[in-house]
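Asker: Take a look at my_file_33.pdb, PDB, C-alpha atoms:
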```
ATOM      1  CA  MET A   1      17.163 -40.077 -36.519
ATOM      2  CA  THR A   2      15.000 -38.252 -33.997
ATOM      3  CA  PRO A   3      14.169 -39.503 -30.493
ATOM      4  CA  GLU A   4      10.491 -39.652 -31.519
ATOM      5  CA  ILE A   5      11.248 -42.001 -34.410
ATOM      6  CA  GLU A   6      13.379 -44.234 -32.208
ATOM      7  CA  LYS A   7      10.685 -44.313 -29.528
ATOM      8  CA  ALA A   8       7.954 -45.296 -32.009
ATOM      9  CA  ALA A   9      10.206 -47.999 -33.450
ATOM     10  CA  ASP A  10      10.981 -49.308 -29.955
ATOM     11  CA  VAL A  11       7.279 -49.477 -29.051
ATOM     12  CA  LEU A  12       6.352 -51.440 -32.186
ATOM     13  CA  LEU A  13       9.284 -53.827 -31.898
ATOM     14  CA  ALA A  14       8.526 -54.498 -28.229
ATOM     15  CA  ALA A  15       4.891 -55.252 -29.091
ATOM     16  CA  GLU A  16       5.978 -57.779 -31.711
ATOM     17  CA  ARG A  17       8.530 -59.487 -29.501
ATOM     18  CA  SER A  18       6.244 -59.660 -26.464
ATOM     19  CA  ALA A  19       3.145 -60.607 -28.511
ATOM     20  CA  THR A  20       1.319 -57.805 -26.712
ATOM     21  CA  PRO A  21      -0.375 -55.139 -28.879
ATOM     22  CA  CYS A  22       0.632 -51.551 -28.169
ATOM     23  CA  PRO A  23      -1.187 -48.208 -28.341
ATOM     24  CA  PRO A  24      -1.063 -46.254 -31.619
ATOM     25  CA  VAL A  25       2.247 -44.528 -32.352
ATOM     26  CA  ARG A  26       0.845 -41.604 -34.368
ATOM     27  CA  ASP A  27       1.101 -39.164 -31.485
ATOM     28  CA  LEU A  28       4.804 -39.968 -31.118
ATOM     29  CA  LEU A  29       5.366 -39.009 -34.759
ATOM     30  CA  GLY A  30       3.659 -35.633 -34.435
ATOM     31  CA  GLU A  31       3.728 -33.511 -37.555
ATOM     32  CA  GLY A  32       6.280 -35.759 -39.255
ATOM     33  CA  GLY A  33       3.451 -37.825 -40.687
ATOM     34  CA  ALA A  34       4.273 -40.258 -43.473
ATOM     35  CA  VAL A  35       7.933 -39.230 -43.712
ATOM     36  CA  SER A  36       8.542 -40.045 -40.052
ATOM     37  CA  ALA A  37       6.444 -43.214 -40.305
ATOM     38  CA  TYR A  38       8.570 -44.582 -43.146
ATOM     39  CA  SER A  39      11.677 -43.728 -41.099
ATOM     40  CA  VAL A  40      10.281 -45.882 -38.286
ATOM     41  CA  GLN A  41       9.610 -48.687 -40.746
ATOM     42  CA  ARG A  42      13.155 -48.533 -42.174
ATOM     43  CA  LEU A  43      14.697 -48.512 -38.702
ATOM     44  CA  ASN A  44      12.888 -51.636 -37.573
ATOM     45  CA  ILE A  45      13.578 -53.469 -40.836
ATOM     46  CA  ALA A  46      17.281 -52.681 -40.410
ATOM     47  CA  ARG A  47      17.144 -54.022 -36.852
ATOM     48  CA  LYS A  48      15.679 -57.303 -38.100
ATOM     49  CA  LEU A  49      18.289 -57.995 -40.789
ATOM     50  CA  VAL A  50      20.402 -60.319 -38.675
ATOM     51  CA  GLY A  51      21.631 -63.840 -39.327
ATOM     52  CA  ASP A  52      20.158 -65.344 -42.502
ATOM     53  CA  ARG A  53      17.151 -63.019 -42.575
ATOM     54  CA  ARG A  54      17.018 -60.966 -45.775
ATOM     55  CA  VAL A  55      14.756 -58.710 -47.787
ATOM     56  CA  VAL A  56      12.884 -60.675 -50.474
ATOM     57  CA  GLY A  57      10.471 -58.056 -51.794
ATOM     58  CA  ARG A  58       7.764 -55.517 -51.040
ATOM     59  CA  LYS A  59       4.056 -55.395 -50.379
ATOM     60  CA  ILE A  60       1.590 -52.740 -51.441
ATOM     61  CA  GLY A  61      -1.195 -51.780 -49.060
ATOM     62  CA  LEU A  62      -4.227 -49.497 -49.120
ATOM     63  CA  THR A  63      -5.037 -50.255 -52.755
ATOM     64  CA  SER A  64      -8.767 -50.014 -52.102
ATOM     65  CA  PRO A  65     -10.277 -46.525 -52.592
ATOM     66  CA  ALA A  66     -12.699 -47.230 -49.739
ATOM     67  CA  VAL A  67      -9.862 -47.974 -47.307
ATOM     68  CA  GLN A  68      -7.957 -44.901 -48.512
ATOM     69  CA  ARG A  69     -10.996 -42.748 -47.751
ATOM     70  CA  GLN A  70     -11.319 -44.348 -44.336
ATOM     71  CA  LEU A  71      -7.724 -43.401 -43.442
ATOM     72  CA  GLY A  72      -7.880 -40.010 -45.165
ATOM     73  CA  VAL A  73      -5.176 -40.671 -47.757
ATOM     74  CA  GLY A  74      -5.066 -40.568 -51.527
ATOM     75  CA  GLN A  75      -2.384 -43.150 -52.229
ATOM     76  CA  PRO A  76      -1.289 -46.655 -51.255
ATOM     77  CA  ASP A  77       1.541 -47.466 -48.892
ATOM     78  CA  PHE A  78       4.265 -50.106 -48.959
ATOM     79  CA  GLY A  79       6.086 -52.434 -46.621
ATOM     80  CA  THR A  80       9.053 -54.792 -46.770
ATOM     81  CA  LEU A  81       8.902 -58.582 -47.097
ATOM     82  CA  LEU A  82      11.533 -60.564 -45.215
ATOM     83  CA  SER A  83      12.574 -64.131 -45.888
ATOM     84  CA  ASP A  84      11.178 -65.486 -42.626
ATOM     85  CA  MET A  85       7.737 -64.048 -43.405
ATOM     86  CA  ALA A  86       7.189 -66.665 -46.134
ATOM     87  CA  VAL A  87       4.908 -69.623 -45.379
ATOM     88  CA  ALA A  88       4.767 -72.629 -47.700
ATOM     89  CA  ASP A  89       1.621 -73.196 -49.741
ATOM     90  CA  GLY A  90      -0.543 -75.517 -47.644
ATOM     91  CA  GLY A  91       1.498 -74.782 -44.515
ATOM     92  CA  THR A  92       0.293 -74.053 -41.000
ATOM     93  CA  VAL A  93       0.838 -70.820 -39.092
ATOM     94  CA  GLY A  94       1.705 -71.297 -35.442
ATOM     95  CA  HIS A  95      -0.853 -70.393 -32.806
ATOM     96  CA  ARG A  96       1.282 -67.672 -31.212
ATOM     97  CA  ARG A  97       3.135 -66.372 -34.247
ATOM     98  CA  LEU A  98       0.851 -63.378 -34.918
ATOM     99  CA  LEU A  99      -1.191 -60.973 -32.806
ATOM    100  CA  GLN A 100      -4.338 -60.004 -34.751
ATOM    101  CA  PRO A 101      -4.152 -61.747 -38.132
ATOM    102  CA  LYS A 102      -6.385 -61.138 -41.112
ATOM    103  CA  VAL A 103      -6.187 -62.770 -44.539
ATOM    104  CA  GLU A 104      -6.475 -61.242 -47.994
ATOM    105  CA  ALA A 105      -6.010 -62.691 -51.485
ATOM    106  CA  GLU A 106      -3.617 -61.007 -53.889
ATOM    107  CA  VAL A 107      -1.639 -61.334 -57.092
ATOM    108  CA  ALA A 108       2.088 -61.716 -56.517
ATOM    109  CA  LEU A 109       4.612 -60.691 -59.159
ATOM    110  CA  VAL A 110       8.170 -62.017 -59.233
ATOM    111  CA  LEU A 111      10.662 -59.831 -61.079
ATOM    112  CA  GLY A 112      13.215 -61.074 -63.568
ATOM    113  CA  ALA A 113      14.805 -57.654 -64.099
ATOM    114  CA  ASP A 114      15.439 -54.446 -62.158
ATOM    115  CA  LEU A 115      12.954 -51.563 -62.264
ATOM    116  CA  PRO A 116      15.131 -48.471 -61.691
ATOM    117  CA  HIS A 117      12.983 -45.990 -63.646
ATOM    118  CA  VAL A 118      11.630 -42.979 -61.735
ATOM    119  CA  GLU A 119       8.678 -42.809 -64.125
ATOM    120  CA  PRO A 120       8.065 -46.427 -65.156
ATOM    121  CA  THR A 121       5.354 -47.432 -67.578
ATOM    122  CA  VAL A 122       3.147 -50.505 -67.582
ATOM    123  CA  ALA A 123       5.333 -51.755 -70.446
ATOM    124  CA  ASP A 124       8.419 -51.434 -68.223
ATOM    125  CA  VAL A 125       6.710 -53.524 -65.548
ATOM    126  CA  LEU A 126       5.533 -56.112 -68.073
ATOM    127  CA  ARG A 127       9.089 -56.531 -69.346
ATOM    128  CA  ALA A 128      10.502 -56.804 -65.843
ATOM    129  CA  VAL A 129       8.045 -59.362 -64.439
ATOM    130  CA  ASP A 130       9.142 -62.968 -64.791
ATOM    131  CA  PHE A 131       5.845 -64.530 -63.669
ATOM    132  CA  ALA A 132       2.746 -64.128 -61.507
ATOM    133  CA  LEU A 133       1.443 -66.301 -58.675
ATOM    134  CA  PRO A 134      -1.690 -66.451 -56.538
ATOM    135  CA  ALA A 135      -0.904 -65.262 -53.025
ATOM    136  CA  LEU A 136      -2.333 -64.907 -49.558
ATOM    137  CA  GLU A 137      -1.144 -62.038 -47.426
ATOM    138  CA  ILE A 138      -1.642 -62.520 -43.709
ATOM    139  CA  VAL A 139      -1.732 -58.970 -42.435
ATOM    140  CA  ASP A 140      -1.199 -58.199 -38.765
ATOM    141  CA  SER A 141      -1.049 -55.151 -36.548
ATOM    142  CA  ARG A 142       1.112 -54.597 -33.540
ATOM    143  CA  ILE A 143      -1.328 -51.822 -32.596
ATOM    144  CA  ALA A 144      -4.184 -52.820 -30.310
ATOM    145  CA  ASP A 145      -7.592 -53.372 -31.929
ATOM    146  CA  TRP A 146      -6.292 -52.246 -35.348
ATOM    147  CA  ASP A 147      -6.733 -48.641 -34.174
ATOM    148  CA  ILE A 148      -4.639 -47.258 -37.018
ATOM    149  CA  THR A 149      -4.185 -44.165 -39.121
ATOM    150  CA  PHE A 150      -1.991 -43.945 -42.227
ATOM    151  CA  ALA A 151       1.040 -43.072 -40.087
ATOM    152  CA  ASP A 152       0.440 -46.033 -37.755
ATOM    153  CA  THR A 153       0.211 -48.641 -40.492
ATOM    154  CA  VAL A 154       3.220 -47.266 -42.407
ATOM    155  CA  ALA A 155       5.359 -47.259 -39.265
ATOM    156  CA  ASP A 156       4.213 -50.822 -38.566
ATOM    157  CA  ASN A 157       5.669 -52.046 -41.883
ATOM    158  CA  ALA A 158       2.323 -51.506 -43.626
ATOM    159  CA  SER A 159       0.691 -53.912 -41.158
ATOM    160  CA  SER A 160       2.672 -56.817 -42.592
ATOM    161  CA  GLY A 161       2.598 -60.271 -41.091
ATOM    162  CA  LEU A 162       3.278 -63.285 -43.304
ATOM    163  CA  PHE A 163       2.671 -64.294 -46.914
ATOM    164  CA  VAL A 164       1.969 -67.465 -48.862
ATOM    165  CA  LEU A 165       2.741 -67.950 -52.556
ATOM    166  CA  GLY A 166       1.177 -70.496 -54.882
ATOM    167  CA  GLY A 167       3.556 -72.888 -56.592
ATOM    168  CA  ALA A 168       2.622 -72.725 -60.293
ATOM    169  CA  PRO A 169       4.183 -69.689 -62.050
ATOM    170  CA  VAL A 170       2.083 -68.058 -64.785
ATOM    171  CA  PRO A 171       3.652 -65.761 -67.419
ATOM    172  CA  LEU A 172       1.861 -62.455 -67.922
ATOM    173  CA  THR A 173       1.300 -63.349 -71.578
ATOM    174  CA  ALA A 174      -1.106 -66.052 -70.357
ATOM    175  CA  VAL A 175      -3.340 -63.968 -68.083
ATOM    176  CA  ASP A 176      -5.062 -60.573 -68.002
ATOM    177  CA  LEU A 177      -4.495 -59.537 -64.401
ATOM    178  CA  ARG A 178      -7.138 -56.811 -64.508
ATOM    179  CA  SER A 179      -9.912 -59.289 -65.307
ATOM    180  CA  VAL A 180      -9.018 -62.134 -62.931
ATOM    181  CA  ARG A 181     -11.710 -63.138 -60.446
ATOM    182  CA  MET A 182     -10.887 -64.007 -56.838
ATOM    183  CA  THR A 183     -12.755 -66.092 -54.299
ATOM    184  CA  LEU A 184     -11.443 -66.460 -50.740
ATOM    185  CA  LEU A 185     -12.740 -69.454 -48.793
ATOM    186  CA  SER A 186     -12.532 -70.177 -45.073
ATOM    187  CA  ASP A 187     -13.109 -73.861 -44.299
ATOM    188  CA  GLY A 188     -14.913 -74.108 -47.621
ATOM    189  CA  THR A 189     -17.199 -71.103 -47.067
ATOM    190  CA  LYS A 190     -16.793 -67.992 -49.213
ATOM    191  CA  VAL A 191     -15.693 -65.024 -47.087
ATOM    192  CA  SER A 192     -14.470 -62.586 -49.755
ATOM    193  CA  GLU A 193     -14.517 -62.064 -53.495
ATOM    194  CA  GLY A 194     -13.270 -59.498 -55.962
ATOM    195  CA  SER A 195     -11.338 -58.930 -59.142
ATOM    196  CA  GLY A 196      -8.047 -57.645 -60.441
ATOM    197  CA  ALA A 197      -9.715 -54.338 -61.240
ATOM    198  CA  ASP A 198     -10.447 -53.877 -57.510
ATOM    199  CA  CYS A 199      -6.708 -53.386 -56.908
ATOM    200  CA  LEU A 200      -6.017 -49.808 -58.083
ATOM    201  CA  GLY A 201      -7.742 -50.649 -61.354
ATOM    202  CA  GLY A 202      -5.382 -53.595 -61.873
ATOM    203  CA  PRO A 203      -2.341 -55.175 -60.174
ATOM    204  CA  LEU A 204      -0.001 -53.762 -62.829
ATOM    205  CA  ASN A 205      -1.098 -50.226 -61.891
ATOM    206  CA  ALA A 206      -0.160 -50.986 -58.290
ATOM    207  CA  ALA A 207       3.224 -52.314 -59.401
ATOM    208  CA  VAL A 208       3.883 -49.174 -61.462
ATOM    209  CA  TRP A 209       3.123 -47.014 -58.416
ATOM    210  CA  LEU A 210       5.475 -49.057 -56.211
ATOM    211  CA  ALA A 211       8.285 -49.102 -58.764
ATOM    212  CA  ALA A 212       8.106 -45.320 -59.193
ATOM    213  CA  THR A 213       7.940 -44.663 -55.447
ATOM    214  CA  LEU A 214      10.920 -46.864 -54.604
ATOM    215  CA  ALA A 215      12.992 -45.528 -57.501
ATOM    216  CA  ARG A 216      12.444 -41.964 -56.256
ATOM    217  CA  LEU A 217      13.602 -43.084 -52.811
ATOM    218  CA  GLY A 218      16.793 -44.540 -54.292
ATOM    219  CA  ASP A 219      15.883 -48.123 -53.373
ATOM    220  CA  PRO A 220      14.372 -49.562 -56.577
ATOM    221  CA  LEU A 221      12.829 -52.954 -57.133
ATOM    222  CA  ARG A 222      15.409 -55.535 -58.216
ATOM    223  CA  ALA A 223      15.433 -58.799 -60.151
ATOM    224  CA  GLY A 224      14.207 -61.606 -57.908
ATOM    225  CA  ASP A 225      11.984 -59.360 -55.782
ATOM    226  CA  ILE A 226       8.504 -60.559 -54.835
ATOM    227  CA  VAL A 227       5.804 -57.893 -55.096
ATOM    228  CA  LEU A 228       2.469 -58.409 -53.355
ATOM    229  CA  THR A 229       0.290 -56.049 -55.366
ATOM    230  CA  GLY A 230      -2.615 -55.545 -52.955
ATOM    231  CA  ALA A 231      -5.906 -57.095 -51.960
ATOM    232  CA  LEU A 232      -8.400 -58.164 -54.623
ATOM    233  CA  GLY A 233     -11.267 -58.041 -52.122
ATOM    234  CA  PRO A 234     -12.103 -57.496 -48.444
ATOM    235  CA  MET A 235      -9.870 -59.112 -45.835
ATOM    236  CA  ALA A 236     -11.145 -61.782 -43.446
ATOM    237  CA  VAL A 237     -10.301 -62.169 -39.756
ATOM    238  CA  ALA A 238      -8.316 -65.347 -39.085
ATOM    239  CA  GLN A 239      -9.175 -67.508 -36.098
ATOM    240  CA  PRO A 240      -7.231 -70.464 -34.661
ATOM    241  CA  GLY A 241      -8.146 -73.694 -36.403
ATOM    242  CA  GLN A 242      -9.297 -72.089 -39.655
ATOM    243  CA  THR A 243      -8.048 -72.940 -43.129
ATOM    244  CA  PHE A 244      -8.091 -70.374 -45.951
ATOM    245  CA  GLU A 245      -7.887 -70.945 -49.692
ATOM    246  CA  ALA A 246      -7.762 -68.292 -52.403
ATOM    247  CA  ARG A 247      -8.813 -69.189 -55.924
ATOM    248  CA  ILE A 248      -7.830 -66.700 -58.625
ATOM    249  CA  SER A 249      -8.921 -67.337 -62.191
ATOM    250  CA  GLY A 250      -6.019 -67.823 -64.567
ATOM    251  CA  LEU A 251      -3.537 -68.183 -61.695
ATOM    252  CA  GLY A 252      -4.749 -71.124 -59.635
ATOM    253  CA  SER A 253      -5.090 -71.457 -55.878
ATOM    254  CA  VAL A 254      -3.105 -71.067 -52.671
ATOM    255  CA  ARG A 255      -3.870 -72.313 -49.167
ATOM    256  CA  VAL A 256      -2.853 -71.824 -45.534
ATOM    257  CA  ALA A 257      -4.046 -73.110 -42.156
ATOM    258  CA  PHE A 258      -3.943 -71.581 -38.691
ATOM    259  CA  ALA A 259      -3.065 -73.923 -35.837
ATOM    260  CA  ALA A 260      -5.861 -74.492 -33.341
ATOM    261  CA  ASP A 261      -3.430 -74.584 -30.404
ATOM    262  CA  ASP A 262       0.239 -74.995 -29.615
ATOM    263  CA  ALA A 263       0.123 -78.759 -30.141
ATOM    264  CA  ASP A 264      -1.194 -78.199 -33.663
ATOM    265  CA  GLU A 265       1.807 -76.249 -34.938
ATOM    266  CA  THR A 266       3.622 -77.720 -37.933
ATOM    267  CA  ALA A 267       6.242 -76.558 -40.384
ATOM    268  CA  GLN A 268       5.555 -72.967 -41.312
ATOM    269  CA  GLY A 269       7.643 -72.649 -44.476
TER     270      GLY A 269
END
```
Please express what this file holds, its structure, as C-alpha cells.

Answerer:
Amino acid sequence: MTPEIEKAADVLLAAERSATPCPPVRDLLGEGGAVSAYSVQRLNIARKLVGDRRVVGRKIGLTSPAVQRQLGVGQPDFGTLLSDMAVADGGTVGHRRLLQPKVEAEVALVLGADLPHVEPTVADVLRAVDFALPALEIVDSRIADWDITFADTVADNASSGLFVLGGAPVPLTAVDLRSVRMTLLSDGTKVSEGSGADCLGGPLNAAVWLAATLARLGDPLRAGDIVLTGALGPMAVAQPGQTFEARISGLGSVRVAFAADDADETAQG
C-alpha cells in the first residue's frame, strides 16, 4: 500500500463522513491509473466492514458507450454494494444522507450459484442467476461537481451511493432482458427512458464482463450476491422532495423518495 493510495482513500472517506465534497483524487494516483484506483476502493471498503455491515454484491458502471467515450475508457468499471446501502422499495432517503445524488434505472440480478469461471459464458450466467428485479441505483460522488475521470470514479467505489430493489422476483426464463423497455419518472414526469440493449448490448453481457473481471482478480461473484448491471438510460439529478419510479417491462416497478428536509426523513430500509 503506497502513501498515495492511502492519501486518496483518506480524502474520499473524509468527504463522505463530513458530507463535504472533495477535489478530484486523480493527481494523487499519478501514473498508477486504474490499478491504484481499485486499490483505493478496496482500502475504503475494508475500512467500512465493521459491526454488522457486510458486502452484499457489486455494481457495474460506465456501461454506456457515450459515457465511456467521455471518460476516455473502453470498458465498464465496478464497485461494491454494502448492506447499509440498501433502501426499501417505496422508502425515503434522508435529506443529508448523500452529497450529489443522481438516479438511474437498472436490472438487478440475484445469484443462486457461484460464478468462479475466468472466462464465463452467457450460459454460465443464466445458470447462476436465481432471479431478476427492477432496481434504482442512487449514484453519488464524493468529488465536487462530479469532476471525475475514470480513476476518480473507480477510487470512489464507482460513484456508488444507495440502491433500491423491487420486490417481485422474475426468473430469466420469463423475460428477455435485452428487449425490456425502461421509463424513469420523477413526480410522474418522464425524465429518462431506454432499453436493455442500452446496457452493453444487454444486462447479461454486463454480468459476463463483471464475472470474468472478478474471477481474474480472485474475488468471484458468489451465490446470494446482488448485481446491479448498469443504467438502461440517462441518469437524472435528484432534488429534495422528489419521488422517482422506474418501470421496466417484464420486471415491474420500483420507487424511492427523497426527503424534503430533516423533518421529512423516514425509514430508509

Asker: Find the spatial neighbours of Val35 of chain A, counting all atoms listed in the file, within a cut-off of 12 Å - ignore same-chain residues fewer than 2 positions away - and output them as a list in words.

Answerer: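 Listed by chain and then number, they are Met1, Ile5, Arg26, Leu29, Gly30, Glu31, Gly32, Gly33, Ala37, Tyr38, Ser39, Val40, Gln41, Arg42, Asp77, Phe150, Ala151, Asp152, Val154, Ala155 and Leu217 of chain A.
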
Asker: Quick check on the file I pasted: which residues fall under the PyMOL selection byres ((chain A and resi 126-143) around 6)? Write them as an mmCIF file with C-alpha atoms, in the frame of the given file.

Answerer:
```cif
data_model
loop_
_atom_site.group_PDB
_atom_site.id
_atom_site.type_symbol
_atom_site.label_atom_id
_atom_site.label_comp_id
_atom_site.auth_asym_id
_atom_site.auth_seq_id
_atom_site.Cartn_x
_atom_site.Cartn_y
_atom_site.Cartn_z
ATOM 1 C CA ALA A 15 4.891 -55.252 -29.091
ATOM 2 C CA PRO A 21 -0.375 -55.139 -28.879
ATOM 3 C CA CYS A 22 0.632 -51.551 -28.169
ATOM 4 C CA PRO A 23 -1.187 -48.208 -28.341
ATOM 5 C CA PRO A 24 -1.063 -46.254 -31.619
ATOM 6 C CA GLN A 100 -4.338 -60.004 -34.751
ATOM 7 C CA PRO A 101 -4.152 -61.747 -38.132
ATOM 8 C CA LYS A 102 -6.385 -61.138 -41.112
ATOM 9 C CA VAL A 103 -6.187 -62.770 -44.539
ATOM 10 C CA GLU A 104 -6.475 -61.242 -47.994
ATOM 11 C CA ALA A 105 -6.010 -62.691 -51.485
ATOM 12 C CA GLU A 106 -3.617 -61.007 -53.889
ATOM 13 C CA VAL A 107 -1.639 -61.334 -57.092
ATOM 14 C CA ALA A 108 2.088 -61.716 -56.517
ATOM 15 C CA LEU A 109 4.612 -60.691 -59.159
ATOM 16 C CA VAL A 110 8.170 -62.017 -59.233
ATOM 17 C CA LEU A 111 10.662 -59.831 -61.079
ATOM 18 C CA GLY A 112 13.215 -61.074 -63.568
ATOM 19 C CA ALA A 113 14.805 -57.654 -64.099
ATOM 20 C CA ALA A 123 5.333 -51.755 -70.446
ATOM 21 C CA ASP A 124 8.419 -51.434 -68.223
ATOM 22 C CA VAL A 125 6.710 -53.524 -65.548
ATOM 23 C CA ALA A 144 -4.184 -52.820 -30.310
ATOM 24 C CA TRP A 146 -6.292 -52.246 -35.348
ATOM 25 C CA SER A 159 0.691 -53.912 -41.158
ATOM 26 C CA SER A 160 2.672 -56.817 -42.592
ATOM 27 C CA GLY A 161 2.598 -60.271 -41.091
ATOM 28 C CA LEU A 162 3.278 -63.285 -43.304
ATOM 29 C CA PHE A 163 2.671 -64.294 -46.914
ATOM 30 C CA VAL A 164 1.969 -67.465 -48.862
ATOM 31 C CA LEU A 165 2.741 -67.950 -52.556
ATOM 32 C CA GLY A 166 1.177 -70.496 -54.882
ATOM 33 C CA PRO A 169 4.183 -69.689 -62.050
ATOM 34 C CA VAL A 170 2.083 -68.058 -64.785
ATOM 35 C CA PRO A 171 3.652 -65.761 -67.419
ATOM 36 C CA LEU A 251 -3.537 -68.183 -61.695
#
```

Asker: Measuring atom to atom with only C-alpha atoms, identify which of A:Thr121, A:Ser249, A:Asn157, A:Asn205 is nearest to Met182 of chain A.

Answerer: A:Ser249

Asker: In Å, rounded to a single decimal, give me how far atom CA of Pro234 of chain A is from atom CA of Glu193 of chain A.

Answerer: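 We find that atom CA of Glu193 of chain A and atom CA of Pro234 of chain A lie 7.2 Å from each other.
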
Asker: Would you mind listing, for every residue of segment 64-161 of chain A within 10 Å of segment 43-52 of chain A, the two atoms forming the shortest contact and the distance between them in Å to one decimal, using all atoms listed in the file, sorted by chain and ascending residue number, as a tab-separated table?

Answerer:
```
residue	atom	partner	partner_atom	distance
A:Gly79	CA	A:Ile45	CA	9.5
A:Thr80	CA	A:Ile45	CA	7.6
A:Leu81	CA	A:Ile45	CA	9.3
A:Leu82	CA	A:Leu49	CA	8.5
A:Ser83	CA	A:Asp52	CA	8.4
A:Asp84	CA	A:Asp52	CA	9.0
A:Ala155	CA	A:Asn44	CA	8.9
A:Asp156	CA	A:Asn44	CA	8.8
A:Asn157	CA	A:Ile45	CA	8.1
```

Asker: Since I can't run it myself right now, could you work out what the PyMOL selection byres ((chain A and resi 260) around 7) selects here and report it as a PDB file with C-alpha atoms, keeping the file's coordinate frame?

Answerer:
```
ATOM      1  CA  HIS A  95      -0.853 -70.393 -32.806  1.00  0.00           C
ATOM      2  CA  PRO A 240      -7.231 -70.464 -34.661  1.00  0.00           C
ATOM      3  CA  GLY A 241      -8.146 -73.694 -36.403  1.00  0.00           C
ATOM      4  CA  PHE A 258      -3.943 -71.581 -38.691  1.00  0.00           C
ATOM      5  CA  ALA A 259      -3.065 -73.923 -35.837  1.00  0.00           C
ATOM      6  CA  ASP A 261      -3.430 -74.584 -30.404  1.00  0.00           C
ATOM      7  CA  ASP A 264      -1.194 -78.199 -33.663  1.00  0.00           C
TER       8      ASP A 264
END
```

Asker: Find the distance between atom CA of Leu204 of chain A and atom CA of Arg53 of chain A and write it in Å to one decimal.

Answerer: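 Between these atoms lies a distance of 28.1 Å.
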
Asker: Can you list, as a PyMOL selection string, every protein, DNA or RNA residue that comes within 8 Å of Gly90 of chain A when you count all atoms listed in the file, leaving out same-chain residues fewer than 6 positions away?

Answerer: chain A and resi 254-257

Asker: Distance atom CA of Ala231 of chain A-atom CA of Gly94 of chain A, one decimal place?

Answerer: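 Distance reported for this atom pair: 23.1 Å.
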
Asker: Sorted by chain and rising residue number, which residues of segment 144-245 of chain A lie within 9 Å of segment 62-75 of chain A, and what are their closest atom pairs and distances in Å to one decimal, counting only C-alpha atoms, as CSV?

Answerer:
```
residue,atom,partner,partner_atom,distance
A:Ile148,CA,A:Leu71,CA,8.1
A:Thr149,CA,A:Leu71,CA,5.6
A:Phe150,CA,A:Leu71,CA,5.9
A:Ala158,CA,A:Leu62,CA,8.8
A:Asp198,CA,A:Ser64,CA,6.9
A:Cys199,CA,A:Thr63,CA,5.5
A:Leu200,CA,A:Thr63,CA,5.4
A:Ala206,CA,A:Thr63,CA,7.4
A:Thr229,CA,A:Thr63,CA,8.3
A:Gly230,CA,A:Thr63,CA,5.8
A:Ala231,CA,A:Thr63,CA,6.9
A:Leu232,CA,A:Ser64,CA,8.5
A:Gly233,CA,A:Ser64,CA,8.4
A:Pro234,CA,A:Ser64,CA,9.0
```

Asker: Step by step, gather every atom of segment 63-81 of chain A that the file lists, find the box along x, y and z that holds them, add 5 Å on each side, and finally give centre and edge lengths in Å to one decimal, as lines of an AutoDock Vina configuration file.

Answerer:
```
center_x = -1.8
center_y = -49.3
center_z = -48.1
size_x = 31.8
size_y = 28.6
size_z = 19.3
```

Asker: When you count only C-alpha atoms, which of these residues is closest to Ser192 of chain A: A:Ala236, A:Ile226, A:Leu172, A:Ala211?

Answerer: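 Closest to Ser192 of chain A of all the choices is A:Ala236.
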
Asker: Restricting the calculation to all atoms listed in the file: of A:Ile248, A:Leu221, A:Leu210, A:Ala197, which residue gets closest to Arg181 of chain A?

Answerer: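 Among the listed residues, the smallest separation from Arg181 of chain A belongs to A:Ile248.
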
Asker: Starting from the displayed file, determine the output of the PyMOL selection byres ((chain A and resi 177) around 7) and express the residue list as number ranges by chain.

Answerer: A: 175-176, 178-180, 196, 202-203

Asker: From the list A:Gly201, A:Gly218, A:Gly194, A:Gly167, which residue is nearest Asp89 of chain A when using only C-alpha atoms?

Answerer: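 The answer is A:Gly167, which sits nearest to Asp89 of chain A.
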
Asker: I want to know what sits within 12 Å of Ser18 of chain A, based on all atoms listed in the file, with residues of the same chain fewer than 2 positions away left out; could you give that as a list of chain:residue names?

Answerer: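 Near neighbours after the sequence-gap exclusion: A:Asp10, A:Val11, A:Leu12, A:Leu13, A:Ala14, A:Ala15, A:Glu16, A:Thr20, A:Pro21, A:Cys22, A:Arg96, A:Arg97, A:Leu98, A:Leu99, A:Arg142.
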